[in-house]
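Text of the file structure-v4.pdb, holding PDB, C-alpha atoms:
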```
ATOM      1  CA  MET A   1     147.354  48.023 136.895
ATOM      2  CA  GLU A   2     147.907  51.368 138.627
ATOM      3  CA  ARG A   3     149.966  51.397 141.776
ATOM      4  CA  TYR A   4     149.469  53.845 144.610
ATOM      5  CA  THR A   5     152.145  55.255 146.850
ATOM      6  CA  ALA A   6     151.775  56.581 150.372
ATOM      7  CA  ASP A   7     152.016  60.204 149.239
ATOM      8  CA  GLN A   8     148.921  59.712 147.052
ATOM      9  CA  ILE A   9     146.762  58.676 150.003
ATOM     10  CA  GLN A  10     144.946  61.530 151.688
ATOM     11  CA  VAL A  11     144.027  60.962 155.318
ATOM     12  CA  VAL A  12     141.028  62.962 156.492
ATOM     13  CA  THR A  13     139.524  63.349 159.929
ATOM     14  CA  PHE A  14     136.085  62.076 160.890
ATOM     15  CA  GLU A  15     134.799  65.661 160.865
ATOM     16  CA  GLU A  16     136.197  66.363 157.393
ATOM     17  CA  HIS A  17     134.707  63.157 156.039
ATOM     18  CA  VAL A  18     131.222  63.856 157.442
ATOM     19  CA  TRP A  19     131.334  67.427 156.121
ATOM     20  CA  ALA A  20     132.437  66.357 152.634
ATOM     21  CA  ARG A  21     130.321  63.187 152.292
ATOM     22  CA  PRO A  22     127.174  63.442 154.428
ATOM     23  CA  ALA A  23     125.395  60.834 152.251
ATOM     24  CA  MET A  24     127.662  58.121 153.697
ATOM     25  CA  TYR A  25     126.191  58.882 157.131
ATOM     26  CA  PHE A  26     122.731  60.277 156.424
ATOM     27  CA  ARG A  27     121.773  58.700 153.059
ATOM     28  CA  VAL A  28     121.345  62.012 151.202
ATOM     29  CA  ALA A  29     123.724  64.624 149.784
ATOM     30  CA  ARG A  30     124.334  68.070 151.220
ATOM     31  CA  ASP A  31     122.045  69.780 148.711
ATOM     32  CA  SER A  32     119.090  67.496 149.476
ATOM     33  CA  PRO A  33     116.112  69.180 151.190
ATOM     34  CA  GLU A  34     115.734  65.948 153.175
ATOM     35  CA  LEU A  35     119.102  66.247 154.941
ATOM     36  CA  PRO A  36     117.815  67.683 158.287
ATOM     37  CA  THR A  37     115.141  64.973 158.449
ATOM     38  CA  GLU A  38     117.636  62.220 157.622
ATOM     39  CA  ILE A  39     119.990  63.467 160.352
ATOM     40  CA  LEU A  40     117.136  63.246 162.861
ATOM     41  CA  GLN A  41     116.165  59.780 161.632
ATOM     42  CA  GLN A  42     119.669  58.386 162.028
ATOM     43  CA  VAL A  43     119.996  59.827 165.543
ATOM     44  CA  VAL A  44     116.602  58.289 166.425
ATOM     45  CA  TRP A  45     117.686  54.896 165.032
ATOM     46  CA  ASP A  46     120.861  55.050 167.099
ATOM     47  CA  ALA A  47     118.970  55.965 170.272
ATOM     48  CA  LEU A  48     116.299  53.287 169.834
ATOM     49  CA  HIS A  49     118.687  50.358 169.266
ATOM     50  CA  HIS A  50     120.780  49.190 172.201
ATOM     51  CA  ARG A  51     124.109  47.451 171.608
ATOM     52  CA  ASN A  52     122.671  44.115 172.822
ATOM     53  CA  CYS A  53     120.074  44.249 169.987
ATOM     54  CA  THR A  54     117.197  45.159 172.312
ATOM     55  CA  HIS A  55     115.163  48.348 171.958
ATOM     56  CA  GLY A  56     115.000  51.215 174.397
ATOM     57  CA  GLN A  57     112.601  53.967 175.373
ATOM     58  CA  ILE A  58     113.137  57.267 173.587
ATOM     59  CA  SER A  59     111.443  60.616 173.065
ATOM     60  CA  VAL A  60     111.929  63.259 170.380
ATOM     61  CA  GLU A  61     111.387  67.008 170.504
ATOM     62  CA  ILE A  62     111.587  69.259 167.436
ATOM     63  CA  GLY A  63     112.295  72.796 168.579
ATOM     64  CA  SER A  64     112.464  74.551 165.217
ATOM     65  CA  ASP A  65     113.223  73.793 161.571
ATOM     66  CA  LEU A  66     116.861  72.953 162.341
ATOM     67  CA  VAL A  67     116.797  72.183 166.073
ATOM     68  CA  PHE A  68     115.843  68.885 167.707
ATOM     69  CA  ASN A  69     116.679  66.719 170.683
ATOM     70  CA  VAL A  70     116.493  62.990 171.296
ATOM     71  CA  GLU A  71     116.389  61.402 174.750
ATOM     72  CA  ASP A  72     117.091  57.716 175.361
ATOM     73  CA  ASP A  73     117.600  55.274 178.229
ATOM     74  CA  GLN A  74     120.897  53.740 177.110
ATOM     75  CA  ARG A  75     123.405  53.331 179.911
ATOM     76  CA  ARG A  76     126.874  54.790 179.410
ATOM     77  CA  THR A  77     130.084  53.018 180.346
ATOM     78  CA  ALA A  78     131.679  54.635 183.407
ATOM     79  CA  ASP A  79     135.114  54.717 184.968
ATOM     80  CA  GLU A  80     135.954  53.667 188.524
ATOM     81  CA  ARG A  81     134.707  57.031 189.836
ATOM     82  CA  GLY A  82     131.299  56.582 188.236
ATOM     83  CA  THR A  83     131.790  59.260 185.578
ATOM     84  CA  PRO A  84     131.255  58.657 181.838
ATOM     85  CA  LEU A  85     134.264  57.661 179.776
ATOM     86  CA  PRO A  86     135.290  60.360 177.258
ATOM     87  CA  GLY A  87     133.881  59.743 173.798
ATOM     88  CA  PHE A  88     134.145  61.366 170.355
ATOM     89  CA  PHE A  89     136.398  64.431 170.359
ATOM     90  CA  GLY A  90     137.053  63.840 174.076
ATOM     91  CA  SER A  91     133.458  64.836 174.809
ATOM     92  CA  LEU A  92     130.336  63.281 176.345
ATOM     93  CA  LEU A  93     129.347  61.906 172.922
ATOM     94  CA  ASP A  94     129.505  58.123 173.305
ATOM     95  CA  LYS A  95     132.360  56.640 171.245
ATOM     96  CA  GLU A  96     130.259  53.569 170.470
ATOM     97  CA  ARG A  97     127.536  55.642 168.780
ATOM     98  CA  TRP A  98     128.548  57.356 165.545
ATOM     99  CA  ALA A  99     125.227  59.004 164.567
ATOM    100  CA  PRO A 100     125.175  61.685 167.314
ATOM    101  CA  ALA A 101     128.839  62.439 166.643
ATOM    102  CA  ALA A 102     128.215  62.873 162.902
ATOM    103  CA  ALA A 103     125.175  65.052 163.634
ATOM    104  CA  ALA A 104     127.299  67.198 165.970
ATOM    105  CA  VAL A 105     129.802  67.801 163.163
ATOM    106  CA  LEU A 106     126.983  69.382 161.109
ATOM    107  CA  SER A 107     125.707  71.477 164.037
ATOM    108  CA  VAL A 108     126.711  74.903 165.267
ATOM    109  CA  ARG A 109     125.802  73.873 168.816
ATOM    110  CA  THR A 110     125.231  70.524 170.501
ATOM    111  CA  VAL A 111     124.272  70.045 174.141
ATOM    112  CA  VAL A 112     124.858  66.574 175.619
ATOM    113  CA  GLU A 113     123.324  65.566 178.949
ATOM    114  CA  VAL A 114     124.260  62.153 180.325
ATOM    115  CA  ARG A 115     122.543  60.610 183.347
ATOM    116  CA  LEU A 116     124.387  57.863 185.167
ATOM    117  CA  ASP A 117     123.127  56.328 188.432
ATOM    118  CA  GLY A 118     121.385  59.516 189.488
ATOM    119  CA  ARG A 119     124.251  61.846 188.525
ATOM    120  CA  GLY A 120     123.976  64.201 185.565
ATOM    121  CA  PHE A 121     126.779  65.448 183.307
ATOM    122  CA  ARG A 122     126.307  68.261 180.763
ATOM    123  CA  GLN A 123     128.601  69.571 178.016
ATOM    124  CA  GLU A 124     128.309  71.848 174.981
ATOM    125  CA  LEU A 125     130.070  71.490 171.633
ATOM    126  CA  ALA A 126     130.449  73.901 168.737
ATOM    127  CA  GLY A 127     130.649  71.585 165.760
ATOM    128  CA  ALA A 128     133.068  68.865 166.816
ATOM    129  CA  VAL A 129     134.880  71.172 169.251
ATOM    130  CA  THR A 130     134.052  70.997 172.944
ATOM    131  CA  ALA A 131     133.105  74.376 174.411
ATOM    132  CA  GLY A 132     134.501  73.383 177.796
ATOM    133  CA  VAL A 133     134.690  70.611 180.352
ATOM    134  CA  TRP A 134     131.463  68.911 181.319
ATOM    135  CA  GLU A 135     129.529  70.071 184.361
ATOM    136  CA  GLU A 136     127.735  67.901 186.882
ATOM    137  CA  PHE A 137     124.074  68.560 187.698
ATOM    138  CA  ALA A 138     121.378  66.991 189.854
ATOM    139  CA  THR A 139     118.946  64.582 188.207
ATOM    140  CA  SER A 140     116.315  62.127 189.381
ATOM    141  CA  LYS A 141     116.572  59.900 186.288
ATOM    142  CA  PRO A 142     118.791  56.814 186.654
ATOM    143  CA  SER A 143     120.433  56.549 183.225
ATOM    144  CA  GLY A 144     120.238  57.768 179.653
ATOM    145  CA  THR A 145     121.289  60.584 177.349
ATOM    146  CA  ARG A 146     119.528  63.668 176.045
ATOM    147  CA  THR A 147     121.243  65.405 173.124
ATOM    148  CA  THR A 148     120.116  68.660 171.510
ATOM    149  CA  PHE A 149     121.367  69.551 168.024
ATOM    150  CA  HIS A 150     121.286  72.998 166.419
ATOM    151  CA  LEU A 151     122.020  72.130 162.791
ATOM    152  CA  ASP A 152     124.300  74.532 160.928
ATOM    153  CA  PRO A 153     122.152  76.874 158.776
ATOM    154  CA  SER A 154     125.179  77.686 156.611
ATOM    155  CA  TYR A 155     125.553  73.987 155.765
ATOM    156  CA  CYS A 156     121.881  73.293 155.144
ATOM    157  CA  ASP A 157     120.104  75.173 152.356
ATOM    158  CA  PRO A 158     117.822  78.037 153.501
ATOM    159  CA  ASP A 159     114.644  76.155 152.535
ATOM    160  CA  GLU A 160     115.578  72.935 154.347
ATOM    161  CA  ALA A 161     113.695  71.950 157.489
ATOM    162  CA  ILE A 162     112.994  68.883 159.615
ATOM    163  CA  ALA A 163     109.861  67.159 158.365
ATOM    164  CA  TRP A 164     108.898  64.265 160.620
ATOM    165  CA  SER A 165     107.683  61.551 158.283
ATOM    166  CA  LEU A 166     109.446  58.457 159.583
ATOM    167  CA  LEU A 167     107.660  55.199 158.794
ATOM    168  CA  PRO A 168     107.733  52.417 161.446
ATOM    169  CA  GLU A 169     109.442  49.992 159.053
ATOM    170  CA  GLU A 170     112.318  52.455 158.647
ATOM    171  CA  LEU A 171     113.184  52.040 162.321
ATOM    172  CA  HIS A 172     114.116  48.378 162.119
ATOM    173  CA  GLY A 173     116.331  46.005 160.178
ATOM    174  CA  TRP A 174     116.587  42.245 159.854
ATOM    175  CA  GLU A 175     118.592  41.984 163.086
ATOM    176  CA  CYS A 176     115.570  43.307 165.005
ATOM    177  CA  ASP A 177     113.450  40.229 164.228
ATOM    178  CA  ALA A 178     114.854  38.368 167.245
ATOM    179  CA  HIS A 179     113.925  41.250 169.575
ATOM    180  CA  PRO A 180     110.606  42.691 168.378
ATOM    181  CA  SER A 181     109.300  45.706 170.247
ATOM    182  CA  PRO A 182     106.796  48.536 169.766
ATOM    183  CA  VAL A 183     108.065  51.363 167.577
ATOM    184  CA  THR A 184     105.853  54.052 169.049
ATOM    185  CA  PHE A 185     107.456  56.903 170.972
ATOM    186  CA  PRO A 186     106.504  60.513 171.648
ATOM    187  CA  VAL A 187     107.423  63.145 169.061
ATOM    188  CA  HIS A 188     106.809  66.625 170.414
ATOM    189  CA  ASP A 189     106.887  69.237 167.626
ATOM    190  CA  LEU A 190     107.019  72.700 169.216
ATOM    191  CA  ARG A 191     106.456  74.305 165.814
ATOM    192  CA  GLU A 192     102.898  72.944 165.812
ATOM    193  CA  GLU A 193     102.233  74.647 169.154
ATOM    194  CA  VAL A 194     103.384  77.976 167.701
ATOM    195  CA  GLU A 195     101.138  77.518 164.669
ATOM    196  CA  ASP A 196      98.159  76.564 166.842
ATOM    197  CA  SER A 197      98.573  79.549 169.149
ATOM    198  CA  ALA A 198      99.032  81.914 166.201
ATOM    199  CA  GLY A 199      95.734  80.747 164.756
ATOM    200  CA  GLU A 200      93.699  81.187 167.928
TER     201      GLU A 200
END
```
Since I need it in another form, could you write the structure as C-alpha cells?
Amino acid sequence: MERYTADQIQVVTFEEHVWARPAMYFRVARDSPELPTEILQQVVWDALHHRNCTHGQISVEIGSDLVFNVEDDQRRTADERGTPLPGFFGSLLDKERWAPAAAAVLSVRTVVEVRLDGRGFRQELAGAVTAGVWEEFATSKPSGTRTTFHLDPSYCDPDEAIAWSLLPEELHGWECDAHPSPVTFPVHDLREEVEDSAGE
C-alpha cells in the first residue's frame, strides 16, 4: 500500500479548485457548451432554496449570452450594527452559499447588492477579488440579494451561451418533499427583446 507524506499533498485555494474542476460545482467540464447554462442553474437553485428547507421568491434576468443576474428574498446575517457579515473573499457574497461564490470565480465582473431591513449594500468583484469596499445605497425592499455575473469569455468557449432550458424537476431534490412550493418564477431574457425589435 502506498503511503503519502505531507510534501506530496497539494493544497489549493477555492478559486484554484473551481477554475481547474468546474464540473465538481457545475456538473459539466470547462469545454462543455452547457457550462454557462449550468452556472446559471446552480445559482438559481441556491437562490430558490432557503437554509431552513423552505423556498423563496426569485427572479432571473439574462442580459446577454454570458451575463445574467438572480434576485432572491433570502435574509443575510448581520452584525450588531445591522450590516452584513463579510462572506467569501471578505466580500458581500454570503459564506453560507457556495454557488454564487463559485460563479464569481468564473466571472470577470460580479456585482452584489444586498438589502437588509431597508438598507442596501453594493460591491463589485473582479473574479474572486473585491474591487473595493461595499457602498451603502437607498432601497425600499426589506431583504434579499441581487447578484449580476459577467462570465469570463476567455474561460468559456466563444460559441458558448446561456440557454434557458431548466425543467421544473431539476429545481428540487428529495429534501423538498416536506416543503412543496410552486417552481414558477419570472425569467426575463433581454436578448429576446433585441431580436424582437430587430425584426420589427
List, as a ChimeraX atom specification, every residue that the PyMOL selection byres ((chain A and resi 67) around 9) selects in the file provided.
/A:61-66,68-69,148-151,162
Determine the residue membership of the PyMOL selection byres ((chain A and resi 74) around 12) for the file above and supply it as a PDB file with C-alpha atoms, in the frame of the given file.
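And here's part02.pdb as it stands now:
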```pdb
ATOM      1  CA  ASP A  46     120.861  55.050 167.099  1.00  0.00           C
ATOM      2  CA  ALA A  47     118.970  55.965 170.272  1.00  0.00           C
ATOM      3  CA  LEU A  48     116.299  53.287 169.834  1.00  0.00           C
ATOM      4  CA  HIS A  49     118.687  50.358 169.266  1.00  0.00           C
ATOM      5  CA  HIS A  50     120.780  49.190 172.201  1.00  0.00           C
ATOM      6  CA  ARG A  51     124.109  47.451 171.608  1.00  0.00           C
ATOM      7  CA  ASN A  52     122.671  44.115 172.822  1.00  0.00           C
ATOM      8  CA  CYS A  53     120.074  44.249 169.987  1.00  0.00           C
ATOM      9  CA  THR A  54     117.197  45.159 172.312  1.00  0.00           C
ATOM     10  CA  HIS A  55     115.163  48.348 171.958  1.00  0.00           C
ATOM     11  CA  GLY A  56     115.000  51.215 174.397  1.00  0.00           C
ATOM     12  CA  GLN A  57     112.601  53.967 175.373  1.00  0.00           C
ATOM     13  CA  ILE A  58     113.137  57.267 173.587  1.00  0.00           C
ATOM     14  CA  VAL A  70     116.493  62.990 171.296  1.00  0.00           C
ATOM     15  CA  GLU A  71     116.389  61.402 174.750  1.00  0.00           C
ATOM     16  CA  ASP A  72     117.091  57.716 175.361  1.00  0.00           C
ATOM     17  CA  ASP A  73     117.600  55.274 178.229  1.00  0.00           C
ATOM     18  CA  ARG A  75     123.405  53.331 179.911  1.00  0.00           C
ATOM     19  CA  ARG A  76     126.874  54.790 179.410  1.00  0.00           C
ATOM     20  CA  THR A  77     130.084  53.018 180.346  1.00  0.00           C
ATOM     21  CA  ASP A  94     129.505  58.123 173.305  1.00  0.00           C
ATOM     22  CA  GLU A  96     130.259  53.569 170.470  1.00  0.00           C
ATOM     23  CA  ARG A  97     127.536  55.642 168.780  1.00  0.00           C
ATOM     24  CA  VAL A 114     124.260  62.153 180.325  1.00  0.00           C
ATOM     25  CA  ARG A 115     122.543  60.610 183.347  1.00  0.00           C
ATOM     26  CA  LEU A 116     124.387  57.863 185.167  1.00  0.00           C
ATOM     27  CA  ASP A 117     123.127  56.328 188.432  1.00  0.00           C
ATOM     28  CA  LYS A 141     116.572  59.900 186.288  1.00  0.00           C
ATOM     29  CA  PRO A 142     118.791  56.814 186.654  1.00  0.00           C
ATOM     30  CA  SER A 143     120.433  56.549 183.225  1.00  0.00           C
ATOM     31  CA  GLY A 144     120.238  57.768 179.653  1.00  0.00           C
ATOM     32  CA  THR A 145     121.289  60.584 177.349  1.00  0.00           C
ATOM     33  CA  ARG A 146     119.528  63.668 176.045  1.00  0.00           C
TER      34      ARG A 146
END
```
Apply the PyMOL selection byres ((chain A and resi 34-39) around 8) to the file shown and report the selected residues as JSON, numbers by chain.
{"A": [26, 27, 28, 29, 30, 31, 32, 33, 40, 41, 42, 43, 66, 103, 151, 156, 160, 161, 162, 163, 164]}
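Note that atom CA of Thr13 of chain A and atom CA of Asp152 of chain A are 18.9 Å apart.
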Please provide as number ranges by chain all residues within 12 Å of Gly90 of chain A, with the sequence filter that same-chain residues fewer than 2 positions apart are discarded (counting only C-alpha atoms).
A: 84-88, 92-95, 101, 123-125, 128-134
Of the candidates A:Glu16, A:Arg21, A:Thr184, A:Trp45, which one gets nearest to Ala99 of chain A if we count all atoms listed in the file?
A:Trp45
Quick one: 5 Å padding each side, axis-aligned, all listed atoms of segment 52-59 of chain A - centre and edge lengths in Å to one decimal, as AutoDock Vina command-line options?
```
--center_x 117.1 --center_y 52.4 --center_z 172.7 --size_x 21.2 --size_y 26.5 --size_z 15.4
```
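Of the listed residues A:Ala102, A:Val11, A:Val44, A:Arg81, the one whose atoms come nearest to Ala23 of chain A is A:Ala102, with distances taken using only C-alpha atoms.
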